[in-house]
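Quick look at query_30.txt (compact mmCIF, C-alpha atoms):
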```txt
# COMPACT_ATOMS: atom_id res chain seq x y z
CA MET R 14 -31.33 -76.44 -12.12
CA SER R 15 -35.05 -76.74 -11.62
CA LEU R 16 -37.50 -79.32 -12.92
CA THR R 17 -39.85 -76.64 -14.18
CA ARG R 18 -41.03 -73.11 -13.54
CA VAL R 19 -44.46 -72.36 -12.10
CA VAL R 20 -45.89 -68.85 -12.24
CA LEU R 21 -48.17 -68.01 -9.33
CA THR R 22 -51.32 -65.91 -9.78
CA SER R 23 -49.47 -63.11 -7.97
CA GLY R 24 -47.04 -63.07 -10.92
CA ARG R 25 -44.12 -64.49 -8.89
CA ALA R 26 -42.09 -67.08 -10.79
CA THR R 27 -41.09 -70.12 -8.74
CA ASP R 28 -38.81 -72.99 -9.65
CA LEU R 29 -39.85 -76.53 -8.77
CA CYS R 30 -36.65 -78.05 -7.42
CA ASP R 31 -37.89 -81.35 -6.02
CA LEU R 32 -41.08 -83.30 -6.69
CA ARG R 33 -42.44 -86.53 -5.28
CA LEU R 34 -45.57 -88.03 -6.80
CA SER R 35 -47.32 -90.96 -5.18
CA SER R 36 -50.59 -92.81 -5.47
CA THR R 37 -53.02 -91.42 -2.91
CA TYR R 38 -54.34 -94.89 -2.16
CA GLY R 39 -51.38 -97.02 -3.26
CA GLY R 40 -50.66 -98.22 0.27
CA LEU R 41 -54.27 -98.52 1.41
CA PRO R 42 -54.62 -101.66 3.52
CA ASP R 43 -57.89 -103.52 3.82
CA GLY R 44 -60.65 -100.99 4.07
CA TYR R 45 -61.90 -98.17 1.98
CA PRO R 46 -61.14 -94.47 1.44
CA CYS R 47 -62.90 -92.45 4.11
CA LYS R 48 -62.24 -89.32 6.16
CA PRO R 49 -60.08 -91.01 8.85
CA VAL R 50 -57.94 -92.74 6.19
CA ASN R 51 -57.59 -89.54 4.17
CA ASP R 52 -56.70 -87.46 7.22
CA LEU R 53 -54.04 -90.01 8.16
CA ALA R 54 -52.60 -89.96 4.61
CA ILE R 55 -52.39 -86.16 4.70
CA LYS R 56 -50.77 -86.21 8.14
CA SER R 57 -48.22 -88.73 6.85
CA LEU R 58 -47.36 -86.51 3.84
CA LEU R 59 -46.87 -83.52 6.14
CA HIS R 60 -44.63 -85.54 8.43
CA GLU R 61 -42.52 -86.91 5.56
CA ALA R 62 -42.09 -83.40 4.12
CA GLU R 63 -41.00 -82.09 7.50
CA LEU R 64 -38.45 -84.90 7.89
CA ALA R 65 -37.10 -84.38 4.37
CA SER R 66 -36.46 -80.67 4.88
CA PRO R 67 -36.92 -79.52 8.47
CA THR R 68 -35.95 -75.88 7.80
CA THR R 69 -38.32 -75.36 4.87
CA PRO R 70 -41.88 -74.23 5.64
CA ILE R 71 -44.67 -76.52 4.46
CA HIS R 72 -48.07 -75.61 3.08
CA LEU R 73 -50.94 -78.01 2.40
CA VAL R 74 -53.33 -77.01 -0.36
CA PRO R 75 -56.66 -78.27 1.00
CA PRO R 76 -57.62 -81.16 -1.28
CA PRO R 77 -61.03 -81.52 -2.87
CA ARG R 78 -62.98 -84.37 -1.30
CA ALA R 79 -65.59 -86.30 -3.27
CA TYR R 80 -68.39 -88.32 -1.72
CA PRO R 81 -69.62 -90.92 -4.21
CA ASP R 82 -72.90 -92.66 -3.55
CA HIS R 83 -71.43 -95.83 -2.00
CA TYR R 84 -72.31 -97.82 1.07
CA ALA R 85 -70.98 -96.18 4.23
CA GLY R 86 -68.89 -98.57 6.30
CA ALA R 87 -67.85 -98.56 9.93
CA PHE R 88 -65.67 -95.46 9.48
CA GLY R 89 -68.30 -93.34 7.76
CA PRO R 90 -69.06 -92.55 4.14
CA VAL R 91 -66.66 -93.15 1.30
CA GLU R 92 -64.54 -90.05 0.78
CA LEU R 93 -62.22 -89.78 -2.20
CA LEU R 94 -59.21 -87.53 -2.70
CA PRO R 95 -57.66 -87.00 -6.15
CA PRO R 96 -55.55 -90.05 -7.07
CA VAL R 97 -52.09 -88.41 -7.12
CA ALA R 98 -50.46 -86.93 -4.00
CA CYS R 99 -47.72 -84.39 -4.72
CA VAL R 100 -44.98 -82.97 -2.52
CA GLY R 101 -42.96 -80.27 -4.22
CA THR R 102 -40.24 -77.94 -3.00
CA PHE R 103 -40.23 -74.59 -4.74
CA ARG R 104 -37.65 -71.83 -4.79
CA SER R 105 -37.93 -68.18 -5.83
CA THR R 106 -36.14 -64.89 -5.38
CA ALA R 107 -35.57 -63.66 -1.82
CA LEU R 108 -38.48 -62.07 -0.01
CA HIS R 109 -36.50 -59.54 1.98
CA PRO R 110 -35.33 -56.69 -0.27
CA THR R 111 -31.97 -56.32 1.50
CA HIS R 112 -30.98 -59.94 0.88
CA ASP R 113 -28.46 -60.40 -1.89
CA SER R 114 -30.23 -62.12 -4.80
CA VAL R 115 -27.13 -64.20 -5.54
CA LEU R 116 -26.75 -65.48 -1.98
CA HIS R 117 -30.40 -65.78 -0.90
CA CYS R 118 -33.60 -67.35 -2.14
CA SER R 119 -37.03 -68.06 -0.70
CA THR R 120 -38.31 -71.63 -0.36
CA LEU R 121 -41.57 -73.40 0.35
CA THR R 122 -42.67 -77.03 0.25
CA ILE R 123 -46.20 -77.43 -1.06
CA ILE R 124 -48.36 -80.54 -0.72
CA TRP R 125 -51.29 -80.90 -3.10
CA PHE R 126 -53.39 -83.54 -4.84
CA GLN R 127 -54.14 -83.81 -8.55
CA ASP R 128 -55.93 -86.10 -10.98
CA THR R 129 -52.98 -87.06 -13.18
CA PRO R 130 -49.27 -87.74 -12.62
CA HIS R 131 -48.09 -84.77 -14.70
CA VAL R 132 -45.40 -82.30 -13.66
CA PRO R 133 -46.84 -78.79 -13.34
CA CYS R 134 -45.46 -76.25 -15.77
CA GLU R 135 -45.69 -72.47 -16.07
CA CYS R 136 -49.38 -71.60 -15.60
CA ASP R 137 -50.94 -75.09 -15.83
CA ALA R 138 -50.27 -76.09 -12.21
CA GLU R 139 -53.22 -76.88 -9.98
CA ARG R 140 -55.13 -73.75 -9.02
CA GLY R 141 -54.38 -74.17 -5.31
CA VAL R 142 -50.65 -74.27 -6.05
CA ARG R 143 -50.77 -71.16 -8.25
CA GLU R 144 -52.75 -69.25 -5.59
CA VAL R 145 -50.30 -69.89 -2.75
CA ASP R 146 -49.51 -66.79 -0.65
CA TRP R 147 -45.77 -67.00 -1.27
CA GLU R 148 -44.93 -63.83 0.62
CA GLY R 149 -46.83 -65.04 3.68
CA LEU R 150 -45.69 -68.68 3.68
CA ALA R 151 -42.20 -68.95 2.15
CA ARG R 152 -39.01 -68.27 4.07
CA ASP R 153 -35.72 -66.80 2.92
CA ARG R 154 -32.60 -68.89 3.23
CA GLU R 155 -28.97 -68.45 2.40
CA LEU R 156 -27.64 -70.57 -0.45
```
Is it possible to give me this structure as structure tokens?
Amino acid sequence: MSLTRVVLTSGRATDLCDLRLSSTYGGLPDGYPCKPVNDLAIKSLLHEAELASPTTPIHLVPPPRAYPDHYAGAFGPVELLPPVACVGTFRSTALHPTHDSVLHCSTLTIIWFQDTPHVPCECDAERGVREVDWEGLARDREL
């Protein structure tokens, strides 16, 4: 049973099977959000997703980065990512036409950032999630 269904712009329906939402800057130690901190946070999300499901391919939707007019510290200008980091594992029908649809599915873990802690649904998921090249990134697996 899935948490929700997300329809990609290609028309492919995907089921969101697992979702982890976290505060982008919830664990930020002393300092401020800047490019090195953000790059480290993204690297950490990728690593955690890989550990959680080593056989599932992972795709990062490049996050929007905002540069407010704040004082630049020792690590460069302030750089903000959206406040909610999301790691979701999606499942859909098999990619390979000879795979039995009962025994096979395609899977992909997607990492993206969004402004609110809502669960994506149908066609209201973040644009970058809906535009994922499923056929090029997902991988078939046997159930």
With only C-alpha atoms counted and 12 Å as the cut-off, give the residues of region 47-142 of chain R in contact with region 27-35 of chain R, each with its shortest interatomic distance in Å and the pair that gives it, as a tab-separated table.
```
residue	atom	partner	partner_atom	distance
R:Ala54	CA	R:Ser35	CA	11.2
R:Leu58	CA	R:Ser35	CA	10.1
R:Glu61	CA	R:Arg33	CA	10.8
R:Ala62	CA	R:Arg33	CA	9.9
R:Ala65	CA	R:Asp31	CA	10.9
R:Ser66	CA	R:Asp31	CA	11.0
R:Pro95	CA	R:Ser35	CA	11.1
R:Pro96	CA	R:Ser35	CA	8.5
R:Val97	CA	R:Ser35	CA	5.7
R:Ala98	CA	R:Ser35	CA	5.2
R:Cys99	CA	R:Leu34	CA	4.7
R:Val100	CA	R:Arg33	CA	5.2
R:Gly101	CA	R:Leu32	CA	4.3
R:Thr102	CA	R:Asp31	CA	5.1
R:Phe103	CA	R:Leu29	CA	4.5
R:Arg104	CA	R:Asp28	CA	5.1
R:Ser105	CA	R:Thr27	CA	4.7
R:Thr106	CA	R:Thr27	CA	7.9
R:Ala107	CA	R:Thr27	CA	11.0
R:Cys118	CA	R:Thr27	CA	10.4
R:Ser119	CA	R:Thr27	CA	9.2
R:Thr120	CA	R:Thr27	CA	9.0
R:Leu121	CA	R:Thr27	CA	9.7
R:Thr122	CA	R:Asp31	CA	9.0
R:Ile123	CA	R:Leu32	CA	9.6
R:Ile124	CA	R:Arg33	CA	9.6
R:Trp125	CA	R:Leu34	CA	9.9
R:Phe126	CA	R:Leu34	CA	9.2
R:Gln127	CA	R:Leu34	CA	9.7
R:Asp128	CA	R:Leu34	CA	11.3
R:Thr129	CA	R:Leu34	CA	9.8
R:Pro130	CA	R:Leu34	CA	6.9
R:His131	CA	R:Leu34	CA	8.9
R:Val132	CA	R:Leu32	CA	8.3
R:Pro133	CA	R:Leu29	CA	8.7
R:Cys134	CA	R:Leu29	CA	9.0
R:Glu135	CA	R:Thr27	CA	9.0
R:Cys136	CA	R:Thr27	CA	10.9
R:Ala138	CA	R:Leu29	CA	11.0
R:Val142	CA	R:Thr27	CA	10.8
```
Find the distance between CA of Trp147 (chain R) and CA of Ser36 (chain R) and write it in Å to one decimal.
26.6 Å
Do you know which residues are at most 12 Å from Gly86 (chain R) counting only C-alpha atoms, after dropping those on the same chain fewer than 2 positions away, and could you put them as a list in words?
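Answer for this query is Gly44, Tyr45, Pro46, Cys47, Lys48, Pro49, His83, Tyr84, Phe88, Gly89, Pro90, Val91 and Glu92 of chain R.
Considering the residues R:Leu94, R:Lys56, R:Asp137, R:Leu41 and counting only C-alpha atoms, Pro81 (chain R) has its shortest atom-to-atom contact with R:Leu94.
Across the structure, CA of Arg152 (chain R) and CA of Pro110 (chain R) are spaced 12.9 Å apart.
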Report, in Å with one decimal, the straight-line distance from CA of Val19 (chain R) to CA of Arg143 (chain R).
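Distance reported for this atom pair: 7.5 Å.
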